[in-house]
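Asks: Dropping in data-v2.txt, with compact mmCIF, C-alpha atoms and all ligand atoms.
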# COMPACT_ATOMS: atom_id res chain seq x y z
CA MET A 13 98.48 117.60 127.50
CA THR A 14 101.80 116.09 128.55
CA GLY A 15 105.12 117.12 127.07
CA ARG A 16 105.32 113.76 125.31
CA ALA A 17 101.88 114.22 123.71
CA LEU A 18 102.87 117.69 122.60
CA ALA A 19 106.06 116.35 121.05
CA ALA A 20 104.15 113.54 119.30
CA GLY A 21 101.62 116.04 117.98
CA ALA A 22 104.38 118.29 116.68
CA LEU A 23 106.06 115.32 115.02
CA ALA A 24 102.83 114.22 113.33
CA ALA A 25 102.23 117.77 112.12
CA ALA A 26 105.78 117.99 110.84
CA LEU A 27 105.42 114.67 108.97
CA ALA A 28 102.11 115.75 107.47
CA CYS A 29 103.74 119.01 106.48
CA THR A 30 106.80 117.45 104.85
CA ARG A 31 104.55 115.10 102.87
CA GLY A 32 102.35 117.98 101.88
CA ALA A 33 99.28 115.96 102.84
CA GLU A 34 97.52 114.14 105.66
CA PRO A 35 99.35 111.11 107.00
CA THR A 36 98.53 108.06 104.84
CA ALA A 37 95.29 106.40 105.98
CA PRO A 38 95.64 102.81 107.19
CA ARG A 39 94.44 100.25 104.68
CA ALA A 40 94.07 96.50 104.34
CA ILE A 41 95.70 94.51 101.58
CA VAL A 42 93.85 91.40 100.39
CA ASP A 43 95.72 88.69 98.50
CA LEU A 44 93.71 87.61 95.43
CA SER A 45 96.15 84.88 94.27
CA HIS A 46 96.29 81.20 95.13
CA PRO A 47 99.76 79.76 95.83
CA PHE A 48 101.53 77.77 93.10
CA ASP A 49 102.31 74.22 94.19
CA ALA A 50 101.62 70.60 93.21
CA SER A 51 97.90 70.99 94.05
CA THR A 52 97.34 74.13 91.96
CA VAL A 53 94.47 73.66 89.50
CA TYR A 54 95.39 73.74 85.79
CA TRP A 55 93.24 72.94 82.76
CA PRO A 56 92.80 69.16 82.28
CA THR A 57 95.12 69.21 79.26
CA GLU A 58 98.02 70.71 81.23
CA GLU A 59 100.64 69.10 83.43
CA GLY A 60 100.33 71.53 86.33
CA PHE A 61 102.90 73.45 88.32
CA VAL A 62 106.23 71.67 88.79
CA LEU A 63 108.84 72.93 91.25
CA GLU A 64 112.17 71.22 90.60
CA PRO A 65 114.30 71.35 93.73
CA GLY A 66 117.69 72.90 93.12
CA PHE A 67 120.06 73.62 95.97
CA ALA A 68 119.08 74.31 99.59
CA GLY A 69 121.66 74.31 102.34
CA TYR A 70 124.90 75.76 103.60
CA THR A 71 127.67 76.25 101.09
CA GLU A 72 131.34 75.46 101.63
CA GLN A 73 131.81 79.18 102.21
CA GLY A 74 129.43 79.04 105.18
CA TYR A 75 126.44 81.00 103.88
CA TYR A 76 122.95 79.60 103.25
CA TYR A 77 121.70 79.39 99.67
CA ALA A 78 118.41 78.16 98.13
CA ALA A 79 117.30 78.16 94.48
CA ASN A 80 114.81 76.03 92.54
CA ARG A 81 113.43 75.83 89.03
CA PHE A 82 109.79 75.79 88.02
CA ARG A 83 107.87 74.70 84.95
CA ALA A 84 104.25 75.56 84.20
CA ALA A 85 101.68 76.34 81.52
CA GLU A 86 100.82 80.02 81.06
CA HIS A 87 97.16 79.28 81.87
CA GLY A 88 96.76 77.70 85.29
CA GLY A 89 96.46 78.73 88.90
CA THR A 90 95.74 82.42 89.39
CA HIS A 91 96.62 83.83 85.99
CA ILE A 92 95.83 86.41 83.34
CA ASP A 93 94.54 85.77 79.84
CA ALA A 94 96.04 88.32 77.47
CA PRO A 95 93.92 89.38 74.48
CA LEU A 96 96.27 87.36 72.26
CA HIS A 97 94.89 84.17 73.90
CA PHE A 98 91.80 84.26 71.63
CA ALA A 99 92.40 87.23 69.30
CA ALA A 100 95.12 87.05 66.66
CA GLY A 101 97.26 90.17 66.47
CA HIS A 102 96.00 91.54 69.80
CA PRO A 103 98.26 92.36 72.79
CA SER A 104 100.38 89.65 74.37
CA VAL A 105 100.74 89.67 78.14
CA ASP A 106 103.79 91.94 78.16
CA ALA A 107 101.98 94.48 75.96
CA ILE A 108 98.84 94.97 78.09
CA PRO A 109 98.85 98.63 79.24
CA LEU A 110 99.53 98.82 82.99
CA GLU A 111 96.59 101.23 83.27
CA GLN A 112 94.30 98.22 82.66
CA LEU A 113 95.89 96.18 85.44
CA VAL A 114 95.90 98.78 88.23
CA GLY A 115 92.93 100.86 89.30
CA PRO A 116 89.46 101.20 90.80
CA ALA A 117 87.56 97.92 90.99
CA VAL A 118 84.08 96.63 91.79
CA LEU A 119 82.93 93.29 93.13
CA ILE A 120 79.74 91.68 91.87
CA ASP A 121 78.56 88.82 94.07
CA VAL A 122 76.78 86.20 91.96
CA SER A 123 77.42 83.33 94.37
CA GLU A 124 73.74 82.64 95.11
CA ALA A 125 72.81 82.06 91.46
CA CYS A 126 75.97 79.97 90.95
CA ALA A 127 75.26 77.79 94.00
CA ALA A 128 71.85 77.03 92.46
CA ASP A 129 73.31 76.21 89.03
CA PRO A 130 76.95 75.19 88.49
CA ASP A 131 76.59 76.01 84.77
CA HIS A 132 75.31 79.52 85.48
CA ALA A 133 76.23 82.21 82.95
CA VAL A 134 76.06 85.68 84.52
CA GLY A 135 73.67 87.88 82.53
CA VAL A 136 73.11 91.61 81.98
CA ALA A 137 70.12 91.61 84.39
CA GLU A 138 72.42 90.57 87.23
CA LEU A 139 74.86 93.37 86.45
CA LEU A 140 72.01 95.90 86.43
CA ALA A 141 70.66 94.49 89.70
CA ASP A 142 74.13 94.90 91.21
CA GLU A 143 74.24 98.53 90.07
CA ALA A 144 70.81 99.14 91.61
CA ARG A 145 72.16 97.73 94.89
CA SER A 146 75.68 99.13 95.01
CA GLY A 147 75.91 101.97 92.49
CA ARG A 148 76.97 102.36 88.89
CA ILE A 149 80.06 100.48 87.74
CA PRO A 150 82.43 103.36 86.93
CA ASP A 151 83.74 103.52 83.37
CA GLY A 152 87.17 101.92 83.14
CA ALA A 153 86.78 99.80 86.28
CA ILE A 154 88.24 96.37 86.90
CA VAL A 155 85.19 94.13 87.40
CA LEU A 156 85.48 91.07 89.65
CA LEU A 157 82.78 88.39 89.80
CA ARG A 158 82.47 86.33 92.95
CA THR A 159 80.93 82.97 92.09
CA GLY A 160 81.92 81.38 95.41
CA TRP A 161 83.92 78.70 93.57
CA SER A 162 87.23 79.53 95.28
CA SER A 163 85.90 77.84 98.45
CA ARG A 164 86.13 74.57 96.45
CA TRP A 165 89.82 75.09 95.56
CA PRO A 166 91.85 72.88 95.02
CA ASP A 167 89.34 69.96 94.94
CA ARG A 168 89.27 69.37 91.17
CA ILE A 169 85.98 67.46 91.16
CA ARG A 170 84.17 70.25 92.99
CA TYR A 171 86.09 73.10 91.31
CA LEU A 172 86.20 71.90 87.69
CA GLY A 173 83.45 69.29 87.68
CA THR A 174 85.95 66.52 86.91
CA ASP A 175 89.38 65.37 88.03
CA GLU A 176 90.02 63.55 84.74
CA ARG A 177 92.94 64.67 82.59
CA GLY A 178 93.38 65.04 78.85
CA SER A 179 91.35 66.62 76.08
CA ALA A 180 88.33 64.31 76.60
CA ALA A 181 87.94 65.72 80.12
CA ALA A 182 87.16 69.17 78.70
CA ALA A 183 83.63 67.96 77.85
CA LYS A 184 83.05 67.21 81.54
CA LEU A 185 83.88 70.66 82.90
CA HIS A 186 81.18 72.36 84.98
CA PHE A 187 81.56 75.72 86.70
CA PRO A 188 79.89 79.11 86.33
CA GLY A 189 81.18 82.03 84.26
CA LEU A 190 80.38 85.31 82.54
CA GLY A 191 77.83 85.13 79.72
CA ALA A 192 78.83 86.68 76.39
CA GLU A 193 75.97 89.22 76.41
CA ALA A 194 77.00 90.47 79.82
CA ALA A 195 80.62 90.62 78.65
CA ARG A 196 79.53 92.75 75.69
CA TRP A 197 77.60 95.07 78.00
CA LEU A 198 80.61 95.50 80.30
CA VAL A 199 82.83 96.30 77.34
CA GLU A 200 80.47 98.60 75.44
CA ALA A 201 78.35 100.24 78.15
CA ARG A 202 80.98 100.47 80.94
CA ARG A 203 84.28 100.40 79.01
CA VAL A 204 85.79 98.07 81.65
CA HIS A 205 89.59 97.74 81.79
CA ALA A 206 89.65 94.07 82.89
CA VAL A 207 87.37 91.33 84.18
CA GLY A 208 88.19 88.64 86.73
CA LEU A 209 86.56 85.78 88.59
CA ASP A 210 87.16 82.86 90.97
CA THR A 211 86.76 79.99 88.50
CA ALA A 212 89.12 78.33 85.99
CA SER A 213 87.75 80.24 82.98
CA ILE A 214 85.87 83.46 82.23
CA ASP A 215 83.41 81.40 80.12
CA PRO A 216 81.27 78.81 81.95
CA GLY A 217 82.91 75.37 82.05
CA ALA A 218 80.32 73.89 79.69
CA SER A 219 81.19 76.44 76.96
CA LYS A 220 82.37 74.96 73.68
CA ARG A 221 83.07 78.16 71.71
CA PHE A 222 84.47 80.39 74.46
CA ASP A 223 82.29 83.28 73.27
CA THR A 224 83.14 85.47 76.27
CA HIS A 225 86.88 84.97 75.73
CA GLN A 226 86.46 85.87 72.06
CA LEU A 227 84.40 88.95 72.79
CA LEU A 228 86.54 90.39 75.61
CA PHE A 229 89.83 89.83 73.83
CA ALA A 230 88.59 91.25 70.52
CA HIS A 231 88.11 94.44 72.59
CA ASP A 232 91.54 94.13 74.28
CA VAL A 233 90.01 93.49 77.72
CA PRO A 234 92.12 90.92 79.60
CA ALA A 235 90.69 88.36 82.05
CA PHE A 236 91.91 87.22 85.48
CA GLU A 237 91.06 83.60 86.32
CA ASN A 238 91.23 81.43 89.45
CA LEU A 239 91.18 84.45 91.75
CA ALA A 240 91.12 83.95 95.53
CA GLY A 241 89.92 86.05 98.47
CA LEU A 242 86.98 87.75 96.75
CA GLU A 243 84.81 87.04 99.82
CA ARG A 244 86.89 89.64 101.66
CA LEU A 245 86.08 92.51 99.28
CA PRO A 246 83.35 95.14 99.51
CA ALA A 247 81.09 95.81 96.52
CA ARG A 248 82.70 99.19 95.79
CA GLY A 249 85.47 101.51 96.94
CA PHE A 250 88.65 99.49 96.53
CA GLU A 251 91.52 99.19 94.08
CA VAL A 252 93.15 96.21 92.40
CA ILE A 253 96.77 95.72 91.40
CA ALA A 254 97.08 92.67 89.13
CA LEU A 255 100.58 92.22 87.77
CA PRO A 256 101.40 89.12 85.70
CA MET A 257 104.80 87.72 84.86
CA LYS A 258 106.04 89.77 81.89
CA ILE A 259 106.43 86.94 79.39
CA ALA A 260 107.46 88.47 76.06
CA GLY A 261 104.90 87.41 73.48
CA GLY A 262 102.98 85.32 76.06
CA SER A 263 99.26 84.58 75.71
CA GLY A 264 98.92 84.84 79.49
CA GLY A 265 100.85 84.08 82.63
CA PRO A 266 100.93 83.62 86.40
CA LEU A 267 99.32 86.56 88.18
CA ARG A 268 99.89 88.08 91.60
CA ALA A 269 96.80 90.13 92.25
CA ILE A 270 95.99 92.15 95.35
CA ALA A 271 93.20 94.47 96.45
CA LEU A 272 93.72 97.65 98.48
CA LEU A 273 90.89 98.57 100.84
CA PRO A 274 91.37 102.21 101.92
CA GLY A 275 90.82 102.96 105.58
CA ALA A 276 90.01 99.36 106.41
CA GLY A 277 92.43 99.20 109.33
CA ALA A 278 96.14 98.85 109.85
CA GLY A 279 97.98 95.56 109.90
CA GLY A 280 95.65 94.00 107.41
CA THR A 281 98.21 92.35 105.19
CA ARG A 282 97.17 88.78 104.52
ZN ZN B 301 93.50 81.47 80.86
Can the structure in the file be given as structure tokens, please?
Replies:
Amino acid sequence: MTGRALAAGALAAALACTRGAEPTAPRAIVDLSHPFDASTVYWPTEEGFVLEPGFAGYTEQGYYYAANRFRAAEHGGTHIDAPLHFAAGHPSVDAIPLEQLVGPAVLIDVSEACAADPDHAVGVAELLADEARSGRIPDGAIVLLRTGWSSRWPDRIRYLGTDERGSAAAAKLHFPGLGAEAARWLVEARRVHAVGLDTASIDPGASKRFDTHQLLFAHDVPAFENLAGLERLPARGFEVIALPMKIAGGSGGPLRAIALLPGAGAGGTR
């Protein structure tokens, strides 16, 4: 062993010692949010994301300065639905306990069934089949459903089923979602903290009553919608951090969500 290797070893040992633990394992960070811009998908009744240019350039004092304004609906792009969205008197977005937005997560890949049927509603049998394959969904997990729809983003016809705008367009929406029975099972049998997916709504697009929204939010389980990057996640063994804008009294809001994959390699920030 060279003197340099010895010194490096001593340094590593000293660092481990001062931290009182092994050096932090390398991990990858996966971005689960789409960017917000003019192409970001919003519900047909909404205007979309508007960035109003403010100032960008050098000031008279010689320093550079940039600042814009933005305007947007709470529900559009990668966002969270707070329980208040469909359940009167239930938590608004600023009141959702952080414990429900940060923690162990699982990924359930339902993309094959969704590719075969764009109106597919994920059922309990699929959740049980996933558990048989990948292990039990731990109580209190954040459950993410990968329908495969994010690969269609931001093509509104392929992603929503229509690029028409206005309330009449809502009848033409087609994309998969979580069935209400499966939502009930996740809430009652697995006590999930949150549910998310890569489509515009946790209910299938063809839904008229939004049963899954009603059921989840009556149980104070928030939903993440229009997620990205789910194809990069394993079935188990990762964590999600999903922190929305803290809009006081809001029914939802823009969401920056990431996944942490322990030991997946250094330099994995994307
Ligand atoms: Zn929403």
Asks: Just the residues within 12 Å of A:Gly101, please, counting only C-alpha atoms, with nothing from its chain fewer than 3 positions along; format it as a PDB file with C-alpha atoms, in the frame of the given file.
Replies:
ATOM      1  CA  ALA A  94      96.040  88.320  77.470  1.00  0.00           C
ATOM      2  CA  PRO A  95      93.920  89.380  74.480  1.00  0.00           C
ATOM      3  CA  LEU A  96      96.270  87.360  72.260  1.00  0.00           C
ATOM      4  CA  HIS A  97      94.890  84.170  73.900  1.00  0.00           C
ATOM      5  CA  PHE A  98      91.800  84.260  71.630  1.00  0.00           C
ATOM      6  CA  SER A 104     100.380  89.650  74.370  1.00  0.00           C
ATOM      7  CA  ALA A 107     101.980  94.480  75.960  1.00  0.00           C
ATOM      8  CA  PHE A 229      89.830  89.830  73.830  1.00  0.00           C
ATOM      9  CA  ALA A 230      88.590  91.250  70.520  1.00  0.00           C
ATOM     10  CA  HIS A 231      88.110  94.440  72.590  1.00  0.00           C
ATOM     11  CA  ASP A 232      91.540  94.130  74.280  1.00  0.00           C
ATOM     12  CA  GLY A 261     104.900  87.410  73.480  1.00  0.00           C
ATOM     13  CA  SER A 263      99.260  84.580  75.710  1.00  0.00           C
TER      14      SER A 263
END
Asks: List every residue of chain A that has an atom at most 7 Å from any atom of ligand ZN 301 (chain B), and for each one report the closest atom pair and its distance in Å to one decimal, counting all atoms listed in the file, with rows sorted by chain and then by increasing residue number, as JSON lines.
Replies:
{"residue": "A:His87", "atom": "CA", "partner": "B:ZN301", "partner_atom": "ZN", "distance": 4.4}
{"residue": "A:Gly88", "atom": "CA", "partner": "B:ZN301", "partner_atom": "ZN", "distance": 6.7}
{"residue": "A:His91", "atom": "CA", "partner": "B:ZN301", "partner_atom": "ZN", "distance": 6.5}
{"residue": "A:Ile92", "atom": "CA", "partner": "B:ZN301", "partner_atom": "ZN", "distance": 6.0}
{"residue": "A:Asp93", "atom": "CA", "partner": "B:ZN301", "partner_atom": "ZN", "distance": 4.5}
{"residue": "A:Ser213", "atom": "CA", "partner": "B:ZN301", "partner_atom": "ZN", "distance": 6.3}
{"residue": "A:Glu237", "atom": "CA", "partner": "B:ZN301", "partner_atom": "ZN", "distance": 6.3}
{"residue": "A:Gly264", "atom": "CA", "partner": "B:ZN301", "partner_atom": "ZN", "distance": 6.5}
Asks: Just give me the gap between atom CA of A:Gln226 and atom CA of A:Pro246 in Å, one decimal is fine.
Replies: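 So the answer is 29.1 Å.
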Asks: With distances taken over only C-alpha atoms, which residue among A:Pro56, A:Gly249, A:Gly74, A:Pro109 lies nearest A:Tyr171?
Replies: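 Using only C-alpha atoms, the shortest distance to A:Tyr171 belongs to A:Pro56.
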Asks: Can you pull out every residue within 10 Å of stretch 136-153 of chain A, counting all atoms listed in the file, but drop anything in the same chain fewer than 2 positions away, and send it as JSON, numbers by chain?
Replies: {"A": [111, 112, 113, 114, 115, 116, 117, 118, 119, 120, 121, 122, 125, 133, 134, 155, 156, 157, 190, 191, 192, 193, 194, 195, 196, 197, 198, 199, 200, 201, 202, 203, 204, 205, 206, 207, 246, 247, 248, 251, 252]}
Asks: If we count all atoms listed in the file, what is near A:Ala212 at a cut-off of 8 Å, once residues fewer than 4 positions away on the same chain are taken out, given as number ranges by chain?
Replies: A: 53-55, 88-89, 172, 217, 237-238
Asks: Between atom CA of A:Gly189 and atom CA of A:Ala260, what is the distance in Å, rounded to a tenth?
Replies: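 If I compute the distance from atom CA of A:Gly189 to atom CA of A:Ala260, I get 28.3 Å.
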Asks: Is it possible to get the residues within 8 Å of (78.4, 74.4, 87.7) (coordinates as in the file, counting only C-alpha atoms) written as a VMD selection string?
Replies: chain A and resid 126 to 127 129 to 132 173 186 to 188 216 to 217
Asks: Hey, which of A:Ala84, A:His102, A:Ala79, A:Arg39 ends up closest to A:Pro266? Count only C-alpha atoms.
Replies: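 Counting only C-alpha atoms, the residue closest to A:Pro266 is A:Ala84.
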Asks: For A:Phe222, which residue out of A:Arg244, A:Glu72, A:Thr52, A:Ala99 is the nearest one, using all atoms listed in the file?
Replies: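 Ranking A:Arg244, A:Glu72, A:Thr52, A:Ala99 by distance to A:Phe222, first place goes to A:Ala99.
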Asks: What is the distance between atom CA of A:Leu209 and atom CA of A:Arg170, in Å to one decimal?
Replies: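 Calculated distance between atom CA of A:Leu209 and atom CA of A:Arg170 is 16.3 Å.
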Asks: Around stretch 164-179 of chain A, with edges along x, y and z and 4 Å added on all six sides, what centre and edge lengths do you get, in Å to one decimal, as lines of an AutoDock Vina configuration file?
Replies:
center_x = 88.4
center_y = 69.3
center_z = 86.3
size_x = 17.9
size_y = 19.5
size_z = 28.4
